[in-house]
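To start, the structure under review is shown below, and the notes come after it.
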Amino acid sequence: MKKTKFILGLAACFAATSLSSPAAVLIAGIDTWASTTAPTPTAAAGITATATASATGGDWSNSDGTGRGSSDDGTWGTTGLGTPSSTVSEVGSANFTLTNAKTDGQITITIVNGSGLDIDLDSFHFDALAFRPKAARTYAVNVLAGSDLTVGTVASSEGDPQNDNSTNDITHLGGALSGHNQHDDLDIDLTGLADSILEAGGTAIFQLAFSNGVGDSSGGHHLFLDNVAVSGDFIPIPEPSSIALLGLSGLALLRRRR
């Protein structure tokens, strides 16, 4: 967005429609969970996306026959991103489950930008819900080494001074799940990164990590996860006529100074 705003500032006297960015769209997302260790993301045109999943004490689960922990609201976090998430909720692979109070679990999404355009990353989205309180209910979103972005923790619920229940932030239902729309719909802002532009040909590696599960194998203390996504804006290349106008604008500014 910084590049676009700079260009618009130089050419304020001209119509900016050809240079403006569209609303944030789905770059890569997972809303079906056919594998417990390598779920397959959906990706925008020109984007290659892969994912891995792991947990302490065993894998995540996708074998809940009724898909009871799935979200059917059709959004990624709170937003649609122009590509609704799956509303299927009657099969196990409709959601991912970190079962029986496992201490921690992680999902890593690797995105390679082969679109030919830079991407102004917007947010990391997910829907999460705990069936009972001993589940891993603390979350963090991280950018991992190997990324062409600022590496480090983007956001973490643990230690949030604005949140009195920061350590176990994900809502738990005490075993009283009803329907498929009780999830916490979370959108983690990526625009605050020092470098949030995924350039053409670049790679971004995001990790969603859950922790602080009790780890005592308590039955039914599950964390349910669905609709994990990264969104952003493809930065359009100015049309040749726009570039020419910018050049003329710059010359006019120089002449005025002289």
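To be explicit about the labels: the chains of the structure tokens are called A, B, and onward in the order shown, and within each one the residues are counted from 1, while ligands get numbers from 1 in the order they are shown.
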What parts of stretch 65-177 of chain A does DSSP call strand (DSSP E or B)? I'd like the answer as an MDAnalysis selection string. chainID A and resid 76 79 96:98 105:113 119:130 138:143 152:156 172
Pull C-alpha atoms from the residues just selected and write them as a PDB file, in the first residue's frame.
ATOM      1  CA  TRP A  76     -12.570 -16.647   7.080  1.00  0.00           C
ATOM      2  CA  THR A  79     -14.650 -11.741   6.448  1.00  0.00           C
ATOM      3  CA  PHE A  96      -9.399 -29.890  12.486  1.00  0.00           C
ATOM      4  CA  THR A  97      -9.292 -31.004  16.131  1.00  0.00           C
ATOM      5  CA  LEU A  98      -6.502 -30.895  18.702  1.00  0.00           C
ATOM      6  CA  GLY A 105      -0.355 -27.858  18.136  1.00  0.00           C
ATOM      7  CA  GLN A 106       0.858 -25.902  15.128  1.00  0.00           C
ATOM      8  CA  ILE A 107      -0.114 -25.325  11.511  1.00  0.00           C
ATOM      9  CA  THR A 108       2.402 -23.826   9.085  1.00  0.00           C
ATOM     10  CA  ILE A 109       1.385 -22.377   5.706  1.00  0.00           C
ATOM     11  CA  THR A 110       4.037 -21.636   3.082  1.00  0.00           C
ATOM     12  CA  ILE A 111       3.016 -19.213   0.321  1.00  0.00           C
ATOM     13  CA  VAL A 112       5.054 -18.643  -2.846  1.00  0.00           C
ATOM     14  CA  ASN A 113       4.008 -15.636  -4.910  1.00  0.00           C
ATOM     15  CA  ILE A 119       0.953  -8.499  -2.668  1.00  0.00           C
ATOM     16  CA  ASP A 120       0.168  -6.112   0.166  1.00  0.00           C
ATOM     17  CA  LEU A 121      -0.652  -8.600   2.928  1.00  0.00           C
ATOM     18  CA  ASP A 122      -3.672  -7.695   5.023  1.00  0.00           C
ATOM     19  CA  SER A 123      -4.610 -10.244   7.723  1.00  0.00           C
ATOM     20  CA  PHE A 124      -4.295 -13.786   9.045  1.00  0.00           C
ATOM     21  CA  HIS A 125      -7.737 -15.295   9.722  1.00  0.00           C
ATOM     22  CA  PHE A 126      -9.057 -18.328  11.602  1.00  0.00           C
ATOM     23  CA  ASP A 127     -12.094 -19.713  13.451  1.00  0.00           C
ATOM     24  CA  ALA A 128     -11.404 -21.534  16.741  1.00  0.00           C
ATOM     25  CA  LEU A 129     -13.431 -22.961  19.615  1.00  0.00           C
ATOM     26  CA  ALA A 130     -12.690 -25.172  22.626  1.00  0.00           C
ATOM     27  CA  THR A 138      -3.568 -19.772  23.864  1.00  0.00           C
ATOM     28  CA  TYR A 139      -2.672 -18.766  20.307  1.00  0.00           C
ATOM     29  CA  ALA A 140       0.123 -16.992  18.437  1.00  0.00           C
ATOM     30  CA  VAL A 141       0.623 -16.078  14.785  1.00  0.00           C
ATOM     31  CA  ASN A 142       4.268 -16.092  13.709  1.00  0.00           C
ATOM     32  CA  VAL A 143       6.257 -15.348  10.564  1.00  0.00           C
ATOM     33  CA  GLY A 152       8.820 -12.869  14.392  1.00  0.00           C
ATOM     34  CA  THR A 153       5.581 -13.013  16.340  1.00  0.00           C
ATOM     35  CA  VAL A 154       2.794 -10.991  14.726  1.00  0.00           C
ATOM     36  CA  ALA A 155       0.287 -11.413  17.560  1.00  0.00           C
ATOM     37  CA  SER A 156      -0.080 -13.544  20.669  1.00  0.00           C
ATOM     38  CA  HIS A 172     -14.618 -22.871  25.772  1.00  0.00           C
TER      39      HIS A 172
END
May I have a table of the residues of stretch 36-145 of chain A lying at most 12 Å from stretch 176-183 of chain A, giving each one's closest pair of atoms and their distance in Å to one decimal, counting only C-alpha atoms, ordered by chain and ascending residue number, as JSON lines?
{"residue": "A:Thr66", "atom": "CA", "partner": "A:His180", "partner_atom": "CA", "distance": 11.1}
{"residue": "A:Gly67", "atom": "CA", "partner": "A:His180", "partner_atom": "CA", "distance": 9.1}
{"residue": "A:Arg68", "atom": "CA", "partner": "A:His180", "partner_atom": "CA", "distance": 7.0}
{"residue": "A:Gly69", "atom": "CA", "partner": "A:His180", "partner_atom": "CA", "distance": 6.8}
{"residue": "A:Ser70", "atom": "CA", "partner": "A:His180", "partner_atom": "CA", "distance": 6.0}
{"residue": "A:Ser71", "atom": "CA", "partner": "A:His180", "partner_atom": "CA", "distance": 4.9}
{"residue": "A:Asp72", "atom": "CA", "partner": "A:His180", "partner_atom": "CA", "distance": 5.6}
{"residue": "A:Asp73", "atom": "CA", "partner": "A:Asn181", "partner_atom": "CA", "distance": 6.4}
{"residue": "A:Gly74", "atom": "CA", "partner": "A:Asn181", "partner_atom": "CA", "distance": 10.0}
{"residue": "A:Thr75", "atom": "CA", "partner": "A:Asn181", "partner_atom": "CA", "distance": 10.7}
{"residue": "A:Trp76", "atom": "CA", "partner": "A:His183", "partner_atom": "CA", "distance": 11.3}
{"residue": "A:Gly77", "atom": "CA", "partner": "A:His183", "partner_atom": "CA", "distance": 9.2}
{"residue": "A:Thr78", "atom": "CA", "partner": "A:His183", "partner_atom": "CA", "distance": 10.4}
{"residue": "A:Thr87", "atom": "CA", "partner": "A:His180", "partner_atom": "CA", "distance": 9.3}
{"residue": "A:Val88", "atom": "CA", "partner": "A:His180", "partner_atom": "CA", "distance": 9.9}
{"residue": "A:Ser89", "atom": "CA", "partner": "A:His180", "partner_atom": "CA", "distance": 7.4}
{"residue": "A:Glu90", "atom": "CA", "partner": "A:His180", "partner_atom": "CA", "distance": 10.1}
{"residue": "A:Ala94", "atom": "CA", "partner": "A:His180", "partner_atom": "CA", "distance": 10.8}
{"residue": "A:Asn95", "atom": "CA", "partner": "A:His180", "partner_atom": "CA", "distance": 10.6}
{"residue": "A:Phe126", "atom": "CA", "partner": "A:His183", "partner_atom": "CA", "distance": 9.4}
{"residue": "A:Asp127", "atom": "CA", "partner": "A:His183", "partner_atom": "CA", "distance": 5.7}
{"residue": "A:Ala128", "atom": "CA", "partner": "A:His183", "partner_atom": "CA", "distance": 5.3}
{"residue": "A:Leu129", "atom": "CA", "partner": "A:His183", "partner_atom": "CA", "distance": 4.9}
{"residue": "A:Ala130", "atom": "CA", "partner": "A:His183", "partner_atom": "CA", "distance": 8.4}
{"residue": "A:Phe131", "atom": "CA", "partner": "A:Leu177", "partner_atom": "CA", "distance": 6.7}
{"residue": "A:Arg132", "atom": "CA", "partner": "A:Ala176", "partner_atom": "CA", "distance": 8.4}
{"residue": "A:Pro133", "atom": "CA", "partner": "A:Ala176", "partner_atom": "CA", "distance": 11.4}
Can you list, as a PyMOL selection string, every protein, DNA or RNA residue that comes within 12 Å of A:Leu198 when you count only C-alpha atoms, leaving out same-chain residues fewer than 6 positions away? chain A and resi 1+27+47+111-122+147-150+190-191+204-205+230-235
Could you please take those selected residues and save C-alpha atoms as a tab-separated table (two decimals), in the first residue's frame?
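Saved file again35.tsv follows:
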chain	number	residue	atom	x	y	z
A	1	MET	CA	0.00	0.00	0.00
A	27	ILE	CA	-4.39	-15.44	-0.94
A	47	ILE	CA	-0.03	-18.58	-5.79
A	111	ILE	CA	3.02	-19.21	0.32
A	112	VAL	CA	5.05	-18.64	-2.85
A	113	ASN	CA	4.01	-15.64	-4.91
A	114	GLY	CA	4.17	-16.61	-8.57
A	115	SER	CA	1.47	-14.15	-9.65
A	116	GLY	CA	3.85	-11.62	-11.16
A	117	LEU	CA	2.44	-8.90	-8.88
A	118	ASP	CA	3.47	-7.72	-5.42
A	119	ILE	CA	0.95	-8.50	-2.67
A	120	ASP	CA	0.17	-6.11	0.17
A	121	LEU	CA	-0.65	-8.60	2.93
A	122	ASP	CA	-3.67	-7.69	5.02
A	147	SER	CA	10.14	-15.69	4.71
A	148	ASP	CA	10.71	-12.57	2.63
A	149	LEU	CA	8.83	-10.66	5.31
A	150	THR	CA	9.61	-9.43	8.81
A	190	LEU	CA	-0.47	-8.07	9.16
A	191	THR	CA	-0.13	-4.47	8.03
A	204	ALA	CA	5.96	-16.11	3.18
A	205	ILE	CA	5.83	-18.76	5.92
A	230	VAL	CA	-4.10	-15.29	4.68
A	231	SER	CA	-5.55	-12.29	2.84
A	232	GLY	CA	-4.04	-9.41	0.92
A	233	ASP	CA	-4.28	-7.00	-2.01
A	234	PHE	CA	-2.56	-7.60	-5.34
A	235	ILE	CA	-0.80	-4.34	-6.17
Quick check, in Å to one decimal: how far apart do atom CA of A:Ser93 and atom CA of A:Ala28 lie?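 One can read the atom CA of A:Ser93 to atom CA of A:Ala28 distance as 18.1 Å.
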What separates atom CA of A:Glu199 and atom CA of A:Asp226 is a distance of 27.7 Å
